[in-house]
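Step one of this worksheet: look at the structure below.
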Amino acid sequence: MKRKSFTVIGLIMLSIVMSLNVRAQSSPNDKTIVKAFVQKFYDWYVPLYNAEKVSYVGAINKEPAYFDFKLIHVIIRDYKEQPDGAGEILGLDFDPFLGAQDTGWDYQAGNVNQTGKKFLVDIHGASTGKSKKEILAAKVHLIAEVQKTEGQWKFTNFIYPDTKYPIDLLTLLTNLRKDRNEWLVKHHQKPHTN
């Protein structure tokens, strides 16, 4: 009798574990949904950026729902912490959502790959006026990392693969903060701690 009870309990627990595992996996539509989410952002942001009507900080202020809280926090912190009178840029000197400094480019979401709960979306860029097909044939400018947070898709990071040393935005901002703090100490100022 005890053996049957353990077998039944074991089968129930196995069923629960398997059902949780199935729910943790993404649906087949998720890649399509993520790609559409990313493209919707770029369709909104790029024309405004090219017309010099919004910056990456402005995009966060106007449409914070696109971004994970941690990403918003470190981008805004980087922007606010750049010291006056440094004579050099001690923070981001390019648009992190485009991986560029210049206007006059169009962007298209390309391949979508999944790693765990994260989706990595290739972002292709080419000069304005090119067809969608031509843009997608151009190089990958950056990779958008997207994840579902609190039931909504959000950008959680951006990866820049086409640099001498490929890096992601969160790591880059951590390194820039370290450089800023070294500059502040060197100039007899209090480093940032929070």
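As shown in the structure tokens, the chain order sets the letters A, B, ...; within each chain, residues go from 1, and ligands are also counted from 1 in the order they appear.
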
Please tabulate, as a tab-separated table, the residues of stretch 35-91 of chain A that come within 9 Å of stretch 142-147 of chain A, each with its closest pair of atoms and the distance in Å to one decimal, counting only C-alpha atoms and ordering rows by chain, then residue number upward.
```
residue	atom	partner	partner_atom	distance
A:Val38	CA	A:Ala144	CA	7.9
A:Phe67	CA	A:Val146	CA	9.0
A:Asp68	CA	A:Gln147	CA	8.6
```

Please dump the current selection as a PDB file, in the first residue's frame; keep N, CA, C and O atoms.
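Saved as part-v3.pdb:
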```
ATOM      1  N   VAL A  38      10.134  45.100 -31.315  1.00  0.00           N
ATOM      2  CA  VAL A  38      11.375  45.818 -31.602  1.00  0.00           C
ATOM      3  C   VAL A  38      11.186  46.740 -32.809  1.00  0.00           C
ATOM      4  O   VAL A  38      11.579  47.915 -32.771  1.00  0.00           O
ATOM      5  N   PHE A  67      11.340  50.003 -21.965  1.00  0.00           N
ATOM      6  CA  PHE A  67      12.618  49.680 -21.341  1.00  0.00           C
ATOM      7  C   PHE A  67      12.463  49.097 -19.943  1.00  0.00           C
ATOM      8  O   PHE A  67      11.636  49.536 -19.158  1.00  0.00           O
ATOM      9  N   ASP A  68      13.334  48.142 -19.633  1.00  0.00           N
ATOM     10  CA  ASP A  68      13.428  47.563 -18.307  1.00  0.00           C
ATOM     11  C   ASP A  68      13.912  48.639 -17.329  1.00  0.00           C
ATOM     12  O   ASP A  68      14.737  49.493 -17.682  1.00  0.00           O
TER      13      ASP A  68
END
```

Determine, counting only C-alpha atoms, which protein, DNA and RNA residues have an atom within 8 Å of an atom of stretch 58-64 of chain A; residues of the same chain fewer than 4 positions away are not included. Present the result as a PDB file with N, CA, C and O atoms, in the first residue's frame.
```pdb
ATOM      1  N   TYR A  45      11.056  55.603 -33.163  1.00  0.00           N
ATOM      2  CA  TYR A  45      12.222  56.350 -32.693  1.00  0.00           C
ATOM      3  C   TYR A  45      13.088  56.911 -33.812  1.00  0.00           C
ATOM      4  O   TYR A  45      13.504  58.080 -33.765  1.00  0.00           O
ATOM      5  N   VAL A  54      14.414  64.016 -30.970  1.00  0.00           N
ATOM      6  CA  VAL A  54      14.483  63.255 -29.729  1.00  0.00           C
ATOM      7  C   VAL A  54      15.852  62.579 -29.634  1.00  0.00           C
ATOM      8  O   VAL A  54      16.445  62.218 -30.650  1.00  0.00           O
ATOM      9  N   ILE A  72      16.843  51.639 -17.768  1.00  0.00           N
ATOM     10  CA  ILE A  72      16.535  53.063 -17.640  1.00  0.00           C
ATOM     11  C   ILE A  72      17.436  53.696 -16.584  1.00  0.00           C
ATOM     12  O   ILE A  72      18.040  54.748 -16.805  1.00  0.00           O
TER      13      ILE A  72
END
```

Quiz item: How would you write, as an MDAnalysis selection string, the set of residues in stretch 89-189 of chain A that DSSP gives as alpha helix (DSSP H)?
Solution: chainID A and resid 132:137 169:186

Practice problem: Just the residues within 6 Å of stretch 103-118 of chain A, please, counting only C-alpha atoms, with nothing from its chain fewer than 5 positions along; format it as an MDAnalysis selection string. | Solution: chainID A and resid 39 50 123:128 146:147

How would the residues just chosen look if you wrote them out with all heavy atoms as a short mmCIF file (atom, residue, chain, number, x, y, z; two decimals), in the first residue's frame?
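The result, stored in part-v3.cif:
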```
data_model
loop_
_atom_site.label_atom_id
_atom_site.label_comp_id
_atom_site.auth_asym_id
_atom_site.auth_seq_id
_atom_site.Cartn_x
_atom_site.Cartn_y
_atom_site.Cartn_z
N GLN A 39 10.57 46.24 -33.87
CA GLN A 39 10.39 47.06 -35.07
C GLN A 39 9.49 48.25 -34.79
O GLN A 39 9.73 49.35 -35.29
CB GLN A 39 9.85 46.24 -36.23
CG GLN A 39 9.89 46.97 -37.55
CD GLN A 39 11.32 47.36 -37.94
OE1 GLN A 39 12.22 46.53 -38.00
NE2 GLN A 39 11.55 48.64 -38.20
N ASN A 50 16.38 60.96 -36.51
CA ASN A 50 16.93 61.51 -37.75
C ASN A 50 16.56 62.98 -37.94
O ASN A 50 17.33 63.74 -38.52
CB ASN A 50 16.49 60.68 -38.96
CG ASN A 50 17.27 59.39 -39.09
OD1 ASN A 50 18.38 59.25 -38.59
ND2 ASN A 50 16.69 58.41 -39.76
N ILE A 123 19.65 43.95 -35.31
CA ILE A 123 19.18 45.23 -35.83
C ILE A 123 20.12 45.64 -36.96
O ILE A 123 21.30 45.89 -36.73
CB ILE A 123 19.15 46.33 -34.75
CG1 ILE A 123 18.39 45.87 -33.50
CG2 ILE A 123 18.59 47.63 -35.31
CD1 ILE A 123 16.94 45.55 -33.73
N HIS A 124 19.58 45.67 -38.16
CA HIS A 124 20.35 46.05 -39.35
C HIS A 124 20.14 47.53 -39.62
O HIS A 124 19.05 48.06 -39.40
CB HIS A 124 19.88 45.25 -40.57
CG HIS A 124 20.07 43.78 -40.43
ND1 HIS A 124 21.18 43.12 -40.91
CD2 HIS A 124 19.29 42.83 -39.84
CE1 HIS A 124 21.07 41.83 -40.64
NE2 HIS A 124 19.94 41.63 -40.00
N GLY A 125 21.17 48.18 -40.14
CA GLY A 125 21.05 49.60 -40.46
C GLY A 125 21.67 49.91 -41.80
O GLY A 125 22.68 49.32 -42.20
N ALA A 126 21.04 50.84 -42.52
CA ALA A 126 21.57 51.33 -43.80
C ALA A 126 21.09 52.77 -43.97
O ALA A 126 20.15 53.21 -43.29
CB ALA A 126 21.09 50.45 -44.96
N SER A 127 21.73 53.48 -44.87
CA SER A 127 21.35 54.88 -45.06
C SER A 127 19.90 55.01 -45.49
O SER A 127 19.34 54.12 -46.13
CB SER A 127 22.28 55.56 -46.08
OG SER A 127 22.24 54.87 -47.30
N THR A 128 19.27 56.13 -45.11
CA THR A 128 17.85 56.32 -45.40
C THR A 128 17.61 56.25 -46.90
O THR A 128 18.49 56.56 -47.71
CB THR A 128 17.34 57.66 -44.86
OG1 THR A 128 18.19 58.70 -45.32
CG2 THR A 128 17.30 57.68 -43.36
N VAL A 146 15.75 41.47 -25.50
CA VAL A 146 14.38 41.71 -25.07
C VAL A 146 13.94 40.57 -24.17
O VAL A 146 14.28 39.41 -24.41
CB VAL A 146 13.44 41.80 -26.30
CG1 VAL A 146 11.99 41.98 -25.88
CG2 VAL A 146 13.87 42.92 -27.23
N GLN A 147 13.19 40.93 -23.14
CA GLN A 147 12.70 39.92 -22.22
C GLN A 147 11.33 40.36 -21.71
O GLN A 147 11.05 41.55 -21.61
CB GLN A 147 13.67 39.77 -21.05
CG GLN A 147 13.37 38.61 -20.15
CD GLN A 147 14.51 38.36 -19.16
OE1 GLN A 147 15.62 38.83 -19.32
NE2 GLN A 147 14.23 37.60 -18.13
#
```

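Proximity to A:Asp102 was assessed for A:Glu52, A:Asp30, A:Asp43, A:Glu182 counting only C-alpha atoms; the smallest distance is recorded for A:Glu52.
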
At a cut-off of 12 Å, can you tabulate as a Markdown table every residue of stretch 132-170 of chain A near stretch 94-99 of chain A together with its closest atom pair and the distance in Å to one decimal, using only C-alpha atoms and ordering rows by chain then number?
```
| residue | atom | partner | partner_atom | distance |
| --- | --- | --- | --- | --- |
| A:Val140 | CA | A:Gly99 | CA | 10.1 |
| A:His141 | CA | A:Gly99 | CA | 6.4 |
| A:Leu142 | CA | A:Gly99 | CA | 6.2 |
| A:Ile143 | CA | A:Phe97 | CA | 9.3 |
| A:Ala144 | CA | A:Phe97 | CA | 8.1 |
| A:Glu145 | CA | A:Phe97 | CA | 10.9 |
| A:Phe155 | CA | A:Phe97 | CA | 9.7 |
| A:Thr156 | CA | A:Phe97 | CA | 11.3 |
| A:Asn157 | CA | A:Phe97 | CA | 9.3 |
| A:Phe158 | CA | A:Phe97 | CA | 7.1 |
| A:Ile159 | CA | A:Gly99 | CA | 8.8 |
| A:Tyr160 | CA | A:Gly99 | CA | 6.9 |
| A:Pro161 | CA | A:Gly99 | CA | 9.9 |
| A:Asp162 | CA | A:Gly99 | CA | 9.5 |
| A:Thr163 | CA | A:Gly99 | CA | 10.1 |
| A:Pro166 | CA | A:Gly99 | CA | 11.8 |
| A:Ile167 | CA | A:Gly99 | CA | 11.2 |
| A:Asp168 | CA | A:Pro96 | CA | 9.7 |
| A:Leu169 | CA | A:Pro96 | CA | 7.1 |
| A:Leu170 | CA | A:Pro96 | CA | 10.3 |
```

Exercise. With a distance cut-off of 8 Å and only C-alpha atoms, select the neighbouring residues of A:Arg177, excluding the residue or stretch itself and same-chain residues fewer than 3 positions from it, and output the selection as a list in words.
Key: Asp78, Leu90, Gly91, Leu173, Thr174, Arg180 and Asn181 of chain A

Dump C-alpha atoms for the selected residues as a short mmCIF file (atom, residue, chain, number, x, y, z; two decimals), in the first residue's frame?
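Contents of the output file part.cif:
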```cif
data_model
loop_
_atom_site.label_atom_id
_atom_site.label_comp_id
_atom_site.auth_asym_id
_atom_site.auth_seq_id
_atom_site.Cartn_x
_atom_site.Cartn_y
_atom_site.Cartn_z
CA ASP A 78 25.29 57.85 -16.91
CA LEU A 90 33.09 60.60 -19.57
CA GLY A 91 29.89 58.84 -20.57
CA LEU A 173 27.97 51.84 -18.68
CA THR A 174 29.59 50.07 -15.70
CA ARG A 180 34.23 58.74 -14.24
CA ASN A 181 34.96 57.89 -10.63
#
```

Self-check item: Interatomic distance, atom CA of A:Tyr49 to atom CA of A:His73 (Å, one decimal)
Solution: 21.2 Å

Self-check item: DSSP strand (DSSP E) residues within stretch 72-154 of chain A, as a ChimeraX atom specification
Solution: /A:105-115,118-127,140-149,152-154

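For the set A:Leu120, A:Gln152, A:Lys133, A:Ile75, the residue with the smallest atom-to-atom gap to A:Lys35 is A:Leu120, counting only C-alpha atoms.
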